[in-house]
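Here is the structure we will look at, set down as structure tokens.
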Amino acid sequence: MNHEINENGKPEIENETRNGKCPECGAEMVFSPEKSALECPYCGNTVAVDFSQTSKERDFSELFNVADKWGGETHVFRCNNCGAKEVLSKNEIAKACPFCGTTNIVVTDELSGLKPNGIVPFAIDKKTAAAKVKMWAKRKLYAPRAFKKSVAPEGIAGTYNPAFTFDADAFVVYRGVLGKHYTVTRTVNGKTVTETRTRYFNIGGTFDMRFDDILIQASEKISQRDINKLRPFDTNESNEYSTEFLHGFSAQQYEKSGEECWTEARRLIEQIVKSRILAKYDYDVIQSYSQRVETNNVTYKYLLLPIYVGHCKWKKKLYNFFVNGHNGNVTGKTPVSAVKVLITVLIGLGVVVGLGLLFYYLFSGT
Ligand SMILES: [Zn+2]
Ligand SMILES: [Zn+2]
């Protein structure tokens, strides 16, 4: 049991539900997305969870304060098969890896790192998520039929995915030379010729832009591309992190630090301001362009995003698919059936040949 020091300097003993234990029967309670409460899987008792606290932006400097703040209430497991690292609340143990399904999982003495300060809780349950996966697989026209059948949505597991969001004010000083094409018509040796020429002009000035919640994925088990496909996550409405939300779920340990994620966010900011600035001008070519970007009032949130992860082995290859545990969006890769693609091509060719024949009969002088 943890003894935290409260504002009065007195040790505060965690109550039973913060510990995840059922006050009625003492069993481990789990967070129920359906009921938005902690639920005891044995006696059905429910305990309300506080949803009233929205997460707060943190000052950028806190990003470097990486003392092991989360370690007291969690521990880290590593999958010996695929290397996934999962954070679970202290009295739960990892059973099967959500990414590869293996049970070859060991507890490590690694630190859980920064404690999240925001969480988008799971809002749909596993059954609903599984139904979404089934529908998604059905729509994958080119996936082999046997693969679709072997996509076992029952095997999906809910795991929170770590991400950093950043807010920042960008101030840009820029300069450059842009060119616009124009044509001239001349007479050369009695012939009229048209030539394309380029008129160059200087640009320069300052530009301001406010960025809100730039989302950077911090786990390497799910790509930024997949996260973008699963969006939105409603990060502005995220709750203040509280350990209750983790019960019955796991969280992926972040592999990219907050600092690395900020470097990525900075790169994104630079790309966005550049395209916004250039969009103000009418040009065809960029002869030169340079900008100096200053970012101020940077704040961040270290967020956990709810994702159901599923896996399917097909011809010795592992395919993962993901469901947004907040809105049910699904994404993932499937194998492509060569036969199905061939049939489509043949049908396409058949239509072309058929139309050709039709026109031939219609217009061949009958
Ligand atoms: Zn109970
Ligand atoms: Zn694994």
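Letters A, B, ... go to the chains of the structure tokens in the order shown; residues in each chain start at 1; ligands are counted from 1 in the same order.
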
If we count only C-alpha atoms and set the cut-off at 12 Å, which residues sit around Gly101 (chain A), ignoring sequence neighbours fewer than 6 positions away in its own chain? Please answer as a list in words.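 In the requested form, the answer reads Cys79, Asn80, Asn81, Cys82, Gly83, Ala84, Ala94, Lys95, Ala152, Glu154, Gly155, Ile156, Ala157, Val309, Gly310, His311, Cys312, Lys313, Leu318, Tyr319 and Asn320 of chain A.
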
Selected residues, C-alpha atoms, written as a PDB file, in the first residue's frame, please.
ATOM      1  CA  CYS A  79       7.313  -9.593 -24.395  1.00  0.00           C
ATOM      2  CA  ASN A  80      10.196 -11.958 -25.183  1.00  0.00           C
ATOM      3  CA  ASN A  81       8.772 -12.609 -28.632  1.00  0.00           C
ATOM      4  CA  CYS A  82       8.198  -9.144 -30.132  1.00  0.00           C
ATOM      5  CA  GLY A  83       9.789  -6.836 -27.578  1.00  0.00           C
ATOM      6  CA  ALA A  84       6.633  -4.895 -26.692  1.00  0.00           C
ATOM      7  CA  ALA A  94       0.520  -9.314 -18.048  1.00  0.00           C
ATOM      8  CA  LYS A  95      -1.118 -12.416 -19.497  1.00  0.00           C
ATOM      9  CA  ALA A 152     -10.041 -13.461 -34.517  1.00  0.00           C
ATOM     10  CA  GLU A 154     -11.866 -12.134 -29.681  1.00  0.00           C
ATOM     11  CA  GLY A 155      -8.098 -11.967 -29.272  1.00  0.00           C
ATOM     12  CA  ILE A 156      -7.956  -8.173 -29.182  1.00  0.00           C
ATOM     13  CA  ALA A 157      -6.700  -6.443 -26.066  1.00  0.00           C
ATOM     14  CA  VAL A 309      -4.760  -4.153 -30.580  1.00  0.00           C
ATOM     15  CA  GLY A 310      -5.394  -7.346 -32.500  1.00  0.00           C
ATOM     16  CA  HIS A 311      -3.080  -9.716 -34.310  1.00  0.00           C
ATOM     17  CA  CYS A 312      -3.323 -12.392 -36.940  1.00  0.00           C
ATOM     18  CA  LYS A 313      -0.670 -14.753 -38.221  1.00  0.00           C
ATOM     19  CA  LEU A 318       2.253 -11.189 -38.226  1.00  0.00           C
ATOM     20  CA  TYR A 319      -0.460  -8.670 -39.075  1.00  0.00           C
ATOM     21  CA  ASN A 320      -1.628  -6.158 -36.479  1.00  0.00           C
TER      22      ASN A 320
END

Would you name the residues within 9 Å of ligand 1, counting only C-alpha atoms and all ligand atoms, and put them as an NGL selection string? :A and (21-29 or 39-46)

Check the DSSP output for the backbone and give back, as a PyMOL selection string, the residues of region 126-358 of chain A in strand (DSSP E). chain A and resi 157-188+191-217+239-240+250-252+285-314+317-324+330-332

Could you give me, as a ChimeraX atom specification, the residues within 7 Å of Ala251 (chain A), counting only C-alpha atoms and dropping anything in the same chain fewer than 4 positions from it? /A:86-88,159-161

May I have the selected residues written with N, CA and C atoms, as a PDB file, in the first residue's frame?
ATOM      1  N   GLU A  86       4.972  -3.347 -21.805  1.00  0.00           N
ATOM      2  CA  GLU A  86       3.678  -2.934 -21.273  1.00  0.00           C
ATOM      3  C   GLU A  86       3.784  -2.487 -19.827  1.00  0.00           C
ATOM      4  N   VAL A  87       3.063  -1.432 -19.521  1.00  0.00           N
ATOM      5  CA  VAL A  87       2.992  -0.939 -18.150  1.00  0.00           C
ATOM      6  C   VAL A  87       1.644  -1.375 -17.576  1.00  0.00           C
ATOM      7  N   LEU A  88       1.684  -2.040 -16.432  1.00  0.00           N
ATOM      8  CA  LEU A  88       0.443  -2.453 -15.783  1.00  0.00           C
ATOM      9  C   LEU A  88       0.402  -1.902 -14.371  1.00  0.00           C
ATOM     10  N   THR A 159      -5.106  -1.586 -24.882  1.00  0.00           N
ATOM     11  CA  THR A 159      -3.866  -1.073 -24.307  1.00  0.00           C
ATOM     12  C   THR A 159      -3.767   0.421 -24.603  1.00  0.00           C
ATOM     13  N   TYR A 160      -3.362   1.180 -23.617  1.00  0.00           N
ATOM     14  CA  TYR A 160      -3.230   2.628 -23.811  1.00  0.00           C
ATOM     15  C   TYR A 160      -1.920   2.933 -24.511  1.00  0.00           C
ATOM     16  N   ASN A 161      -2.010   3.808 -25.492  1.00  0.00           N
ATOM     17  CA  ASN A 161      -0.847   4.155 -26.281  1.00  0.00           C
ATOM     18  C   ASN A 161      -0.312   5.530 -25.866  1.00  0.00           C
TER      19      ASN A 161
END

Show me, as a compact mmCIF listing (two decimals) with all heavy atoms, in the first residue's frame, the residues that have an atom within 7 Å of Phe201 (chain A) when counting only C-alpha atoms, minus same-chain residues fewer than 2 positions from it.
# COMPACT_ATOMS: atom_id res chain seq x y z
N VAL A 177 13.43 34.04 -52.56
CA VAL A 177 13.23 34.52 -53.93
C VAL A 177 12.36 33.50 -54.65
O VAL A 177 12.71 32.31 -54.72
CB VAL A 177 14.59 34.68 -54.67
CG1 VAL A 177 14.35 35.16 -56.10
CG2 VAL A 177 15.51 35.64 -53.92
N LEU A 178 11.22 33.97 -55.14
CA LEU A 178 10.29 33.09 -55.85
C LEU A 178 10.21 33.52 -57.31
O LEU A 178 10.51 34.67 -57.65
CB LEU A 178 8.89 33.16 -55.23
CG LEU A 178 8.77 32.89 -53.73
CD1 LEU A 178 7.31 33.00 -53.29
CD2 LEU A 178 9.32 31.52 -53.36
N GLY A 179 9.83 32.59 -58.16
CA GLY A 179 9.74 32.92 -59.58
C GLY A 179 8.38 32.57 -60.15
O GLY A 179 7.74 31.60 -59.75
N ARG A 199 9.97 35.39 -64.07
CA ARG A 199 10.23 36.67 -63.40
C ARG A 199 10.44 36.39 -61.92
O ARG A 199 9.60 35.74 -61.28
CB ARG A 199 9.03 37.61 -63.60
CG ARG A 199 9.20 39.00 -63.01
CD ARG A 199 7.99 39.88 -63.31
NE ARG A 199 7.86 40.18 -64.74
CZ ARG A 199 6.80 39.88 -65.49
NH1 ARG A 199 5.76 39.28 -64.94
NH2 ARG A 199 6.75 40.21 -66.77
N ILE A 203 10.77 37.90 -51.46
CA ILE A 203 9.74 37.89 -50.41
C ILE A 203 10.46 37.98 -49.06
O ILE A 203 11.63 37.62 -48.94
CB ILE A 203 8.85 36.63 -50.44
CG1 ILE A 203 9.70 35.35 -50.28
CG2 ILE A 203 8.03 36.57 -51.71
CD1 ILE A 203 8.88 34.13 -49.89

Ranking A:Ala48, A:Thr263, A:Thr102, A:Asn65 by minimum distance to ligand 2 and counting only C-alpha atoms and all ligand atoms, which one comes first? A:Thr102

I'd like the contact shell of region 272-274 of chain A - 12 Å cut-off, only C-alpha atoms, skipping same-chain residues fewer than 3 positions apart - returned as a PyMOL selection string. chain A and resi 169-176+206-211+214+265-269+277-281+286+289-295

Please report the interatomic distance between CA of Phe147 (chain A) and CA of Arg225 (chain A) in Å with one decimal.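 Separating CA of Phe147 (chain A) from CA of Arg225 (chain A) is a distance of 23.0 Å.
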
Using only C-alpha atoms, which of A:Val341, A:Ile347, A:Ala163, A:Val30 sits nearest Gln253 (chain A)?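 Looking only at the distances to Gln253 (chain A), the closest residue turns out to be A:Ala163.
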
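Across the structure, CA of Trp136 (chain A) and CA of Ser219 (chain A) are spaced 24.0 Å apart.
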
Backbone-only DSSP, helix (DSSP H, G or I) members of region 173-361 of chain A, as a ChimeraX atom specification: /A:224-230,235-237,243-246,258-278,338-361
